[in-house]
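File shown: start-v8.pdb. Contents: PDB, C-alpha atoms.
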ATOM      1  CA  MET M   1     135.153 106.582  44.967
ATOM      2  CA  ALA M   2     133.145 103.479  45.657
ATOM      3  CA  VAL M   3     132.068 101.561  42.591
ATOM      4  CA  CYS M   4     129.406  99.476  44.260
ATOM      5  CA  VAL M   5     127.376  99.895  47.442
ATOM      6  CA  ALA M   6     125.090  97.234  48.835
ATOM      7  CA  VAL M   7     122.835  96.925  51.853
ATOM      8  CA  ILE M   8     122.095  93.352  52.871
ATOM      9  CA  ALA M   9     119.314  92.364  55.245
ATOM     10  CA  LYS M  10     119.818  90.281  58.346
ATOM     11  CA  GLU M  11     118.602  87.207  56.455
ATOM     12  CA  ASN M  12     121.189  87.841  53.724
ATOM     13  CA  TYR M  13     118.976  89.094  50.941
ATOM     14  CA  PRO M  14     119.767  92.410  49.265
ATOM     15  CA  LEU M  15     117.829  95.494  50.326
ATOM     16  CA  TYR M  16     119.713  97.810  48.086
ATOM     17  CA  ILE M  17     122.510  97.412  45.583
ATOM     18  CA  ARG M  18     123.920  99.912  43.195
ATOM     19  CA  SER M  19     127.045  99.928  41.097
ATOM     20  CA  ILE M  20     128.460 102.571  38.868
ATOM     21  CA  PRO M  21     129.512 100.839  35.654
ATOM     22  CA  THR M  22     125.995  99.576  35.059
ATOM     23  CA  GLU M  23     126.997  97.275  32.189
ATOM     24  CA  ASN M  24     128.858  95.067  34.608
ATOM     25  CA  GLU M  25     126.200  94.968  37.262
ATOM     26  CA  LEU M  26     126.063  91.194  37.578
ATOM     27  CA  LYS M  27     129.738  90.949  38.332
ATOM     28  CA  PHE M  28     129.301  93.222  41.318
ATOM     29  CA  HIS M  29     126.328  91.243  42.493
ATOM     30  CA  TYR M  30     128.572  88.185  42.514
ATOM     31  CA  THR M  31     131.325  90.066  44.308
ATOM     32  CA  VAL M  32     128.960  91.228  46.999
ATOM     33  CA  HIS M  33     127.390  87.815  47.275
ATOM     34  CA  THR M  34     130.747  86.142  47.781
ATOM     35  CA  SER M  35     131.697  88.697  50.367
ATOM     36  CA  LEU M  36     128.802  87.664  52.570
ATOM     37  CA  ASP M  37     130.621  84.458  53.501
ATOM     38  CA  VAL M  38     133.583  86.494  54.626
ATOM     39  CA  VAL M  39     131.282  88.756  56.592
ATOM     40  CA  ASP M  40     129.767  85.771  58.365
ATOM     41  CA  GLU M  41     133.187  84.363  59.055
ATOM     42  CA  LYS M  42     134.386  87.633  60.516
ATOM     43  CA  ILE M  43     131.332  88.018  62.670
ATOM     44  CA  SER M  44     131.559  84.530  64.115
ATOM     45  CA  ALA M  45     135.337  84.610  64.501
ATOM     46  CA  MET M  46     135.541  87.819  66.429
ATOM     47  CA  GLY M  47     131.893  88.183  67.296
ATOM     48  CA  LYS M  48     132.497  88.420  70.993
ATOM     49  CA  ALA M  49     135.211  91.023  70.726
ATOM     50  CA  LEU M  50     133.219  93.097  68.252
ATOM     51  CA  VAL M  51     130.192  93.208  70.492
ATOM     52  CA  ASP M  52     132.293  94.240  73.430
ATOM     53  CA  GLN M  53     133.971  97.068  71.595
ATOM     54  CA  ARG M  54     130.862  98.103  69.691
ATOM     55  CA  GLU M  55     132.996  98.004  66.604
ATOM     56  CA  LEU M  56     130.776  97.793  63.552
ATOM     57  CA  TYR M  57     133.402  98.203  60.892
ATOM     58  CA  LEU M  58     134.728  94.864  59.659
ATOM     59  CA  GLY M  59     137.585  96.219  57.621
ATOM     60  CA  LEU M  60     138.833  94.837  54.335
ATOM     61  CA  LEU M  61     136.945  91.642  53.522
ATOM     62  CA  TYR M  62     139.058  90.575  50.592
ATOM     63  CA  PRO M  63     140.910  92.147  47.701
ATOM     64  CA  THR M  64     140.465  91.038  44.109
ATOM     65  CA  GLU M  65     142.626  92.003  41.211
ATOM     66  CA  ASP M  66     140.800  95.206  40.466
ATOM     67  CA  TYR M  67     138.765  95.885  43.542
ATOM     68  CA  LYS M  68     138.788  95.912  47.301
ATOM     69  CA  VAL M  69     135.736  94.858  49.246
ATOM     70  CA  TYR M  70     134.956  96.396  52.626
ATOM     71  CA  GLY M  71     132.273  95.410  55.091
ATOM     72  CA  TYR M  72     130.315  96.885  57.981
ATOM     73  CA  VAL M  73     127.649  95.278  60.087
ATOM     74  CA  THR M  74     125.108  97.052  62.277
ATOM     75  CA  ASN M  75     124.006  95.810  65.665
ATOM     76  CA  SER M  76     120.821  94.538  64.068
ATOM     77  CA  LYS M  77     122.963  92.430  61.695
ATOM     78  CA  VAL M  78     122.252  94.475  58.610
ATOM     79  CA  LYS M  79     125.340  94.414  56.425
ATOM     80  CA  PHE M  80     126.799  97.147  54.300
ATOM     81  CA  VAL M  81     129.271  96.118  51.627
ATOM     82  CA  MET M  82     131.284  98.538  49.596
ATOM     83  CA  VAL M  83     133.439  97.732  46.585
ATOM     84  CA  VAL M  84     136.260 100.154  45.906
ATOM     85  CA  ASP M  85     138.591 100.423  42.955
ATOM     86  CA  SER M  86     141.966  99.154  44.150
ATOM     87  CA  SER M  87     143.833 101.580  41.915
ATOM     88  CA  ASN M  88     142.596 104.247  44.291
ATOM     89  CA  THR M  89     145.375 103.943  46.843
ATOM     90  CA  ALA M  90     144.716 107.332  48.364
ATOM     91  CA  LEU M  91     141.713 105.910  50.135
ATOM     92  CA  ARG M  92     142.533 105.318  53.765
ATOM     93  CA  ASP M  93     140.885 103.082  56.278
ATOM     94  CA  ASN M  94     139.569 106.078  58.153
ATOM     95  CA  GLU M  95     137.812 107.445  55.104
ATOM     96  CA  ILE M  96     136.181 104.112  54.403
ATOM     97  CA  ARG M  97     135.073 104.054  58.003
ATOM     98  CA  SER M  98     133.508 107.498  57.773
ATOM     99  CA  MET M  99     131.810 106.572  54.506
ATOM    100  CA  PHE M 100     130.264 103.590  56.226
ATOM    101  CA  ARG M 101     129.163 105.772  59.087
ATOM    102  CA  LYS M 102     127.496 108.107  56.626
ATOM    103  CA  LEU M 103     125.817 105.152  54.981
ATOM    104  CA  HIS M 104     124.649 103.914  58.352
ATOM    105  CA  ASN M 105     123.147 107.293  59.293
ATOM    106  CA  SER M 106     121.384 107.495  55.994
ATOM    107  CA  TYR M 107     120.070 103.965  56.414
ATOM    108  CA  THR M 108     118.749 104.930  59.852
ATOM    109  CA  ASP M 109     116.832 107.805  58.302
ATOM    110  CA  VAL M 110     115.328 105.436  55.763
ATOM    111  CA  MET M 111     114.248 103.111  58.547
ATOM    112  CA  CYS M 112     112.606 106.033  60.322
ATOM    113  CA  ASN M 113     110.478 106.880  57.316
ATOM    114  CA  PRO M 114     106.997 105.748  58.319
ATOM    115  CA  PHE M 115     106.221 104.695  54.758
ATOM    116  CA  TYR M 116     109.113 102.270  54.653
ATOM    117  CA  ASN M 117     108.366  98.753  55.832
ATOM    118  CA  PRO M 118     111.377  97.062  57.384
ATOM    119  CA  GLY M 119     112.573  94.289  55.115
ATOM    120  CA  ASP M 120     111.468  95.921  51.885
ATOM    121  CA  CYS M 121     113.840  97.050  49.190
ATOM    122  CA  ILE M 122     114.978 100.605  49.681
ATOM    123  CA  HIS M 123     113.480 103.088  47.246
ATOM    124  CA  SER M 124     114.441 106.381  48.738
ATOM    125  CA  ARG M 125     115.556 109.464  46.907
ATOM    126  CA  ALA M 126     117.554 110.736  49.849
ATOM    127  CA  PHE M 127     119.405 107.449  50.182
ATOM    128  CA  ASP M 128     120.004 107.305  46.434
ATOM    129  CA  ASN M 129     121.467 110.788  46.449
ATOM    130  CA  MET M 130     123.741 109.978  49.336
ATOM    131  CA  VAL M 131     125.036 106.849  47.613
ATOM    132  CA  THR M 132     125.521 108.768  44.391
ATOM    133  CA  SER M 133     127.543 111.409  46.193
ATOM    134  CA  MET M 134     129.702 108.686  47.709
ATOM    135  CA  MET M 135     130.319 107.165  44.305
ATOM    136  CA  MET M 136     131.013 110.489  42.638
ATOM    137  CA  GLN M 137     133.485 111.934  45.094
ATOM    138  CA  VAL M 138     136.699 111.085  43.319
ATOM    139  CA  CYS M 139     135.818 109.073  40.223
TER     140      CYS M 139
ATOM    141  CA  MET P 140      92.581 109.543  85.335
ATOM    142  CA  SER P 141      94.499 111.486  87.891
ATOM    143  CA  ARG P 142      95.943 114.760  86.865
ATOM    144  CA  GLN P 143      99.686 115.019  86.968
ATOM    145  CA  ALA P 144     100.888 117.158  89.785
ATOM    146  CA  GLY P 145     103.009 120.167  89.100
ATOM    147  CA  ARG P 146     101.612 120.945  85.689
ATOM    148  CA  GLY P 147     102.820 124.474  85.469
ATOM    149  CA  THR P 148     103.790 126.828  82.738
ATOM    150  CA  GLU P 149     107.078 125.081  82.067
ATOM    151  CA  SER P 150     107.118 122.988  78.924
ATOM    152  CA  LYS P 151     108.001 119.362  79.224
ATOM    153  CA  LYS P 152     110.616 117.952  76.951
ATOM    154  CA  MET P 153     110.194 114.845  74.909
ATOM    155  CA  SER P 154     112.262 113.169  72.288
ATOM    156  CA  SER P 155     111.520 114.671  68.908
ATOM    157  CA  GLU P 156     112.166 111.326  67.254
ATOM    158  CA  LEU P 157     109.530 109.663  69.383
ATOM    159  CA  PHE P 158     107.081 112.390  68.472
ATOM    160  CA  THR P 159     107.878 112.237  64.768
ATOM    161  CA  LEU P 160     107.708 108.454  64.640
ATOM    162  CA  THR P 161     104.441 108.392  66.559
ATOM    163  CA  TYR P 162     102.880 110.791  64.113
ATOM    164  CA  GLY P 163     104.305 108.756  61.245
ATOM    165  CA  ALA P 164     102.768 105.589  62.633
ATOM    166  CA  LEU P 165      99.433 107.362  62.941
ATOM    167  CA  VAL P 166      99.449 108.565  59.357
ATOM    168  CA  THR P 167     100.581 105.247  57.880
ATOM    169  CA  GLN P 168      97.920 103.414  59.851
ATOM    170  CA  LEU P 169      95.295 105.769  58.458
ATOM    171  CA  CYS P 170      96.669 105.127  54.977
ATOM    172  CA  LYS P 171      96.142 101.418  55.541
ATOM    173  CA  ASP P 172      92.652 101.900  56.927
ATOM    174  CA  TYR P 173      91.321 104.191  54.226
ATOM    175  CA  GLU P 174      91.284 103.546  50.558
ATOM    176  CA  ASN P 175      92.186 106.936  49.196
ATOM    177  CA  ASP P 176      94.258 109.877  50.282
ATOM    178  CA  GLU P 177      91.328 112.299  50.401
ATOM    179  CA  ASP P 178      89.724 110.246  53.147
ATOM    180  CA  VAL P 179      92.997 110.174  55.064
ATOM    181  CA  ASN P 180      93.312 113.955  54.732
ATOM    182  CA  LYS P 181      89.777 114.371  55.988
ATOM    183  CA  GLN P 182      90.377 112.051  58.899
ATOM    184  CA  LEU P 183      93.595 113.813  59.873
ATOM    185  CA  ASP P 184      91.768 117.122  59.811
ATOM    186  CA  LYS P 185      89.010 115.730  62.003
ATOM    187  CA  MET P 186      91.484 114.303  64.506
ATOM    188  CA  GLY P 187      93.313 117.608  64.553
ATOM    189  CA  TYR P 188      90.056 119.427  65.140
ATOM    190  CA  ASN P 189      89.339 117.244  68.145
ATOM    191  CA  ILE P 190      92.822 117.892  69.460
ATOM    192  CA  GLY P 191      92.470 121.613  68.842
ATOM    193  CA  VAL P 192      89.231 122.091  70.765
ATOM    194  CA  ARG P 193      90.895 120.511  73.812
ATOM    195  CA  LEU P 194      94.337 121.968  73.333
ATOM    196  CA  ILE P 195      93.082 125.539  73.414
ATOM    197  CA  GLU P 196      92.142 125.148  77.074
ATOM    198  CA  ASP P 197      95.603 123.934  77.900
ATOM    199  CA  PHE P 198      97.099 126.695  75.823
ATOM    200  CA  LEU P 199      95.109 129.484  77.487
ATOM    201  CA  ALA P 200      95.818 128.108  80.923
ATOM    202  CA  ARG P 201      99.546 127.833  80.404
ATOM    203  CA  SER P 202     100.416 130.743  78.185
ATOM    204  CA  ASN P 203      98.672 133.618  79.997
ATOM    205  CA  VAL P 204      97.926 135.418  76.769
ATOM    206  CA  GLY P 205      95.024 137.797  76.880
ATOM    207  CA  ARG P 206      92.277 138.404  74.383
ATOM    208  CA  CYS P 207      93.468 139.274  70.910
ATOM    209  CA  HIS P 208      92.078 142.483  69.457
ATOM    210  CA  ASP P 209      92.555 141.729  65.820
ATOM    211  CA  PHE P 210      93.516 138.918  63.513
ATOM    212  CA  ARG P 211      97.101 140.140  63.248
ATOM    213  CA  GLU P 212      97.533 139.722  66.952
ATOM    214  CA  THR P 213      96.042 136.262  66.742
ATOM    215  CA  ALA P 214      98.518 135.383  64.025
ATOM    216  CA  ASP P 215     101.384 136.564  66.217
ATOM    217  CA  VAL P 216     100.223 134.530  69.164
ATOM    218  CA  ILE P 217      99.815 131.411  67.045
ATOM    219  CA  ALA P 218     103.253 131.689  65.515
ATOM    220  CA  LYS P 219     105.290 132.958  68.433
ATOM    221  CA  VAL P 220     103.577 131.329  71.396
ATOM    222  CA  ALA P 221     101.517 128.345  70.311
ATOM    223  CA  PHE P 222     103.891 126.827  67.751
ATOM    224  CA  LYS P 223     106.804 127.512  70.055
ATOM    225  CA  MET P 224     105.080 125.843  72.968
ATOM    226  CA  TYR P 225     103.853 122.714  71.242
ATOM    227  CA  LEU P 226     106.224 122.124  68.357
ATOM    228  CA  GLY P 227     109.291 124.088  69.367
ATOM    229  CA  ILE P 228     109.397 126.089  66.163
ATOM    230  CA  THR P 229     108.513 129.661  65.310
ATOM    231  CA  PRO P 230     107.017 129.979  61.856
ATOM    232  CA  SER P 231     107.155 133.347  60.153
ATOM    233  CA  ILE P 232     104.036 135.228  59.160
ATOM    234  CA  THR P 233     103.866 136.630  55.651
ATOM    235  CA  ASN P 234     101.647 137.291  52.670
ATOM    236  CA  TRP P 235      98.918 139.249  54.405
ATOM    237  CA  SER P 236      95.998 139.848  52.150
ATOM    238  CA  PRO P 237      95.176 143.560  51.677
ATOM    239  CA  ALA P 238      92.025 143.152  53.744
ATOM    240  CA  GLY P 239      94.043 141.689  56.605
ATOM    241  CA  ASP P 240      91.937 138.585  56.898
ATOM    242  CA  GLU P 241      94.316 136.081  55.384
ATOM    243  CA  PHE P 242      97.954 135.209  56.029
ATOM    244  CA  SER P 243     100.544 132.501  55.601
ATOM    245  CA  LEU P 244     102.564 130.688  58.196
ATOM    246  CA  ILE P 245     105.913 129.661  56.759
ATOM    247  CA  LEU P 246     107.497 126.691  58.483
ATOM    248  CA  GLU P 247     111.119 126.373  57.589
ATOM    249  CA  ASN P 248     111.345 122.998  59.115
ATOM    250  CA  ASN P 249     108.372 120.959  60.039
ATOM    251  CA  PRO P 250     109.126 118.564  62.900
ATOM    252  CA  LEU P 251     106.370 116.223  61.747
ATOM    253  CA  VAL P 252     108.114 115.360  58.519
ATOM    254  CA  ASP P 253     111.672 114.519  59.601
ATOM    255  CA  PHE P 254     112.652 111.274  57.853
ATOM    256  CA  VAL P 255     109.472 111.193  55.777
ATOM    257  CA  GLU P 256     109.518 110.630  52.048
ATOM    258  CA  LEU P 257     106.148 110.393  50.392
ATOM    259  CA  PRO P 258     105.856 107.318  48.211
ATOM    260  CA  ASP P 259     104.603 107.864  44.665
ATOM    261  CA  ASN P 260     101.252 106.226  45.311
ATOM    262  CA  HIS P 261     100.381 108.792  47.972
ATOM    263  CA  SER P 262     100.942 111.912  45.926
ATOM    264  CA  SER P 263      97.754 113.620  47.086
ATOM    265  CA  LEU P 264      98.231 112.865  50.755
ATOM    266  CA  ILE P 265      98.559 116.010  52.891
ATOM    267  CA  TYR P 266     100.835 114.486  55.469
ATOM    268  CA  SER P 267     100.686 117.223  58.101
ATOM    269  CA  ASN P 268      96.995 117.968  57.670
ATOM    270  CA  LEU P 269      96.505 117.369  61.378
ATOM    271  CA  LEU P 270      97.956 120.830  62.003
ATOM    272  CA  CYS P 271      95.181 122.441  59.954
ATOM    273  CA  GLY P 272      92.598 120.694  62.065
ATOM    274  CA  VAL P 273      94.292 121.728  65.291
ATOM    275  CA  LEU P 274      94.378 125.398  64.267
ATOM    276  CA  ARG P 275      90.798 125.338  63.095
ATOM    277  CA  GLY P 276      89.540 123.596  66.222
ATOM    278  CA  ALA P 277      91.453 125.794  68.610
ATOM    279  CA  LEU P 278      90.365 129.047  66.998
ATOM    280  CA  GLU P 279      86.788 127.899  66.831
ATOM    281  CA  MET P 280      86.776 127.638  70.604
ATOM    282  CA  VAL P 281      87.717 131.301  70.810
ATOM    283  CA  GLN P 282      84.904 132.354  68.508
ATOM    284  CA  MET P 283      86.830 132.480  65.281
ATOM    285  CA  ALA P 284      85.898 130.470  62.269
ATOM    286  CA  VAL P 285      88.940 130.075  60.052
ATOM    287  CA  ASP P 286      89.826 128.246  56.919
ATOM    288  CA  VAL P 287      93.210 126.536  57.090
ATOM    289  CA  LYS P 288      95.020 124.706  54.348
ATOM    290  CA  PHE P 289      98.453 123.750  53.131
ATOM    291  CA  VAL P 290      99.567 125.548  50.004
ATOM    292  CA  GLN P 291     103.198 124.435  49.964
ATOM    293  CA  ASP P 292     104.787 121.374  51.448
ATOM    294  CA  THR P 293     108.435 120.353  51.580
ATOM    295  CA  LEU P 294     107.312 116.754  51.101
ATOM    296  CA  LYS P 295     105.976 117.703  47.694
ATOM    297  CA  GLY P 296     109.256 119.297  46.691
ATOM    298  CA  ASP P 297     108.551 122.889  47.725
ATOM    299  CA  GLY P 298     111.276 124.852  49.470
ATOM    300  CA  VAL P 299     109.228 125.569  52.584
ATOM    301  CA  THR P 300     105.988 124.491  54.176
ATOM    302  CA  GLU P 301     103.278 127.111  53.971
ATOM    303  CA  ILE P 302      99.982 127.050  55.825
ATOM    304  CA  ARG P 303      97.405 129.531  54.597
ATOM    305  CA  MET P 304      94.889 130.784  57.138
ATOM    306  CA  LYS P 305      91.792 132.730  56.226
ATOM    307  CA  PHE P 306      89.483 134.405  58.691
ATOM    308  CA  VAL P 307      85.906 133.518  57.824
ATOM    309  CA  ARG P 308      83.719 135.058  60.512
ATOM    310  CA  ARG P 309      83.230 135.570  64.200
ATOM    311  CA  ILE P 310      81.141 132.950  65.861
ATOM    312  CA  GLU P 311      78.554 134.607  68.059
ATOM    313  CA  ASP P 312      78.685 133.548  71.659
ATOM    314  CA  ASN P 313      75.128 132.320  71.872
ATOM    315  CA  LEU P 314      75.552 129.867  69.041
ATOM    316  CA  PRO P 315      76.680 126.370  69.847
ATOM    317  CA  ALA P 316      80.197 125.719  68.662
ATOM    318  CA  GLY P 317      80.344 124.217  65.207
ATOM    319  CA  GLU P 318      79.252 120.657  64.846
ATOM    320  CA  GLU P 319      81.588 118.533  62.849
TER     321      GLU P 319
END
Would you give me this structure, written as structure tokens?
Amino acid sequence: MAVCVAVIAKENYPLYIRSIPTENELKFHYTVHTSLDVVDEKISAMGKALVDQRELYLGLLYPTEDYKVYGYVTNSKVKFVMVVDSSNTALRDNEIRSMFRKLHNSYTDVMCNPFYNPGDCIHSRAFDNMVTSMMMQVC
Amino acid sequence: MSRQAGRGTESKKMSSELFTLTYGALVTQLCKDYENDEDVNKQLDKMGYNIGVRLIEDFLARSNVGRCHDFRETADVIAKVAFKMYLGITPSITNWSPAGDEFSLILENNPLVDFVELPDNHSSLIYSNLLCGVLRGALEMVQMAVDVKFVQDTLKGDGVTEIRMKFVRRIEDNLPAGEE
């Protein structure tokens, strides 16, 4: 389903990034990196409204020729970015939203692991498995 | 310190996350303070022992269980009353040795290890070793010397958590309780 999933820290450095066609990893890193500007823009543009509604999902950040990039930001300003194949038109907004929610829950569990230091890269089997399952679903 | 009023037999509720995270913070701090996992395991056991020798008083006062006549009864009380009261779980008792002096407590889910994933550099850490100490300390106060250890742990990839308890001997009343 998703081809690339990234978790970005509050200070905009990557905590976790994984993409499925591994040979093209760098391209996805660029894609995610570029998307951060859009994320910032969205947050500052509708920051007030988002806080009021407790809406964490940012929606479609931007489409490229082959992919669509979606964003989600937690209340602690940790960003989740997901790149989805745009040929997959069956994917609805609601599904993306629930995938992000799943990602968020899983991220919360990682944070609760006493051996994980906040700010470190995420090396968690449970999180890996969850991301893998999200990438596998339809592909 | 003043005693809280109204401390009855009812169990107080607390957030399980708070409990789990507090225990996690304790273990990770010990991991920072001690160089190797064996020392951490030992320390956890010692802390548990100190908890156990105090907790037994609280347990006897609140649970109204009488004297146990044999080790099987003790096992039942531990699993069905003590674990229920303090951890909110009821482990099952299995694998009795033929002589009846050794059994296993199977914990299907261990509330101490929610969220926890052991990092590779702590492969010999027995994360929940505190429980062993608690059981040992508590039983020692009721004149039972036992040997308690983990034989399976979900953190190490096993399906369940198994605590093996072995009855060692009765401690005679006139002896001072074990010095550790």
Exercise for the section: Just need the residues of chain P within 8 Å of chain M, counting all atoms listed in the file, so spit them out as a PyMOL selection string. Expected result: chain P and resi 160+163-164+167+254-258
Handout entry: Residue among M:Asp120, M:Asp40, M:Asp85, M:Glu55 lying closest to Met135 of chain M, counting only C-alpha atoms
Key =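 For Met135 of chain M, the nearest of the given residues is M:Asp85.
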Handout entry: For atom CA of Asn180 of chain P and atom CA of Leu165 of chain P, the interatomic separation in Å (one decimal)
Key =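 So the two atoms, atom CA of Asn180 of chain P and atom CA of Leu165 of chain P, lie 12.2 Å apart.
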Problem - Selection dump of the PyMOL selection byres ((chain P and resi 284-296) around 8), as a ChimeraX atom specification - result: /P:252,255-257,262,265,268,271-272,274-275,278-279,282-283,297-310
Kindly save the residues from that selection, with C-alpha atoms included, as an mmCIF file, in the coordinates of the input.
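Saved as out_21.cif:
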data_model
loop_
_atom_site.group_PDB
_atom_site.id
_atom_site.type_symbol
_atom_site.label_atom_id
_atom_site.label_comp_id
_atom_site.auth_asym_id
_atom_site.auth_seq_id
_atom_site.Cartn_x
_atom_site.Cartn_y
_atom_site.Cartn_z
ATOM 1 C CA VAL P 252 108.114 115.360 58.519
ATOM 2 C CA VAL P 255 109.472 111.193 55.777
ATOM 3 C CA GLU P 256 109.518 110.630 52.048
ATOM 4 C CA LEU P 257 106.148 110.393 50.392
ATOM 5 C CA SER P 262 100.942 111.912 45.926
ATOM 6 C CA ILE P 265 98.559 116.010 52.891
ATOM 7 C CA ASN P 268 96.995 117.968 57.670
ATOM 8 C CA CYS P 271 95.181 122.441 59.954
ATOM 9 C CA GLY P 272 92.598 120.694 62.065
ATOM 10 C CA LEU P 274 94.378 125.398 64.267
ATOM 11 C CA ARG P 275 90.798 125.338 63.095
ATOM 12 C CA LEU P 278 90.365 129.047 66.998
ATOM 13 C CA GLU P 279 86.788 127.899 66.831
ATOM 14 C CA GLN P 282 84.904 132.354 68.508
ATOM 15 C CA MET P 283 86.830 132.480 65.281
ATOM 16 C CA ASP P 297 108.551 122.889 47.725
ATOM 17 C CA GLY P 298 111.276 124.852 49.470
ATOM 18 C CA VAL P 299 109.228 125.569 52.584
ATOM 19 C CA THR P 300 105.988 124.491 54.176
ATOM 20 C CA GLU P 301 103.278 127.111 53.971
ATOM 21 C CA ILE P 302 99.982 127.050 55.825
ATOM 22 C CA ARG P 303 97.405 129.531 54.597
ATOM 23 C CA MET P 304 94.889 130.784 57.138
ATOM 24 C CA LYS P 305 91.792 132.730 56.226
ATOM 25 C CA PHE P 306 89.483 134.405 58.691
ATOM 26 C CA VAL P 307 85.906 133.518 57.824
ATOM 27 C CA ARG P 308 83.719 135.058 60.512
ATOM 28 C CA ARG P 309 83.230 135.570 64.200
ATOM 29 C CA ILE P 310 81.141 132.950 65.861
#
Handout entry: Picked residues, the PyMOL selection byres ((chain M and resi 66) around 8), expected as number ranges by chain
Key = M: 63-65, 67-68, 85-87
For segment 65-79 of chain M, supply N, CA, C and O atoms and report the output as a short mmCIF file (atom, residue, chain, number, x, y, z; two decimals), keeping the file's coordinate frame.
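In the end it all went to part.cif:
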data_model
loop_
_atom_site.label_atom_id
_atom_site.label_comp_id
_atom_site.auth_asym_id
_atom_site.auth_seq_id
_atom_site.Cartn_x
_atom_site.Cartn_y
_atom_site.Cartn_z
N GLU M 65 141.61 91.38 42.05
CA GLU M 65 142.63 92.00 41.21
C GLU M 65 142.37 93.50 41.03
O GLU M 65 143.25 94.33 41.16
N ASP M 66 141.11 93.82 40.78
CA ASP M 66 140.80 95.21 40.47
C ASP M 66 140.14 95.96 41.61
O ASP M 66 140.11 97.17 41.62
N TYR M 67 139.59 95.21 42.54
CA TYR M 67 138.76 95.88 43.54
C TYR M 67 139.13 95.44 44.95
O TYR M 67 139.72 94.39 45.16
N LYS M 68 138.70 96.29 45.90
CA LYS M 68 138.79 95.91 47.30
C LYS M 68 137.38 95.94 47.87
O LYS M 68 136.60 96.84 47.55
N VAL M 69 137.09 94.95 48.69
CA VAL M 69 135.74 94.86 49.25
C VAL M 69 135.80 95.11 50.75
O VAL M 69 136.57 94.46 51.45
N TYR M 70 134.99 96.07 51.20
CA TYR M 70 134.96 96.40 52.63
C TYR M 70 133.57 96.07 53.20
O TYR M 70 132.58 96.12 52.48
N GLY M 71 133.56 95.77 54.47
CA GLY M 71 132.27 95.41 55.09
C GLY M 71 132.03 96.14 56.39
O GLY M 71 132.95 96.66 57.03
N TYR M 72 130.75 96.19 56.77
CA TYR M 72 130.32 96.88 57.98
C TYR M 72 129.02 96.20 58.39
O TYR M 72 128.19 95.88 57.55
N VAL M 73 128.88 95.94 59.67
CA VAL M 73 127.65 95.28 60.09
C VAL M 73 127.05 96.03 61.28
O VAL M 73 127.75 96.38 62.21
N THR M 74 125.75 96.31 61.19
CA THR M 74 125.11 97.05 62.28
C THR M 74 124.77 96.09 63.41
O THR M 74 124.86 94.88 63.26
N ASN M 75 124.36 96.65 64.52
CA ASN M 75 124.01 95.81 65.67
C ASN M 75 122.79 94.94 65.39
O ASN M 75 122.60 93.91 66.02
N SER M 76 121.98 95.36 64.43
CA SER M 76 120.82 94.54 64.07
C SER M 76 121.16 93.58 62.93
O SER M 76 120.29 93.05 62.28
N LYS M 77 122.45 93.39 62.68
CA LYS M 77 122.96 92.43 61.70
C LYS M 77 122.60 92.77 60.25
O LYS M 77 122.50 91.90 59.41
N VAL M 78 122.38 94.04 60.00
CA VAL M 78 122.25 94.48 58.61
C VAL M 78 123.66 94.76 58.12
O VAL M 78 124.46 95.37 58.82
N LYS M 79 123.97 94.27 56.91
CA LYS M 79 125.34 94.41 56.42
C LYS M 79 125.42 95.47 55.34
O LYS M 79 124.55 95.56 54.48
#
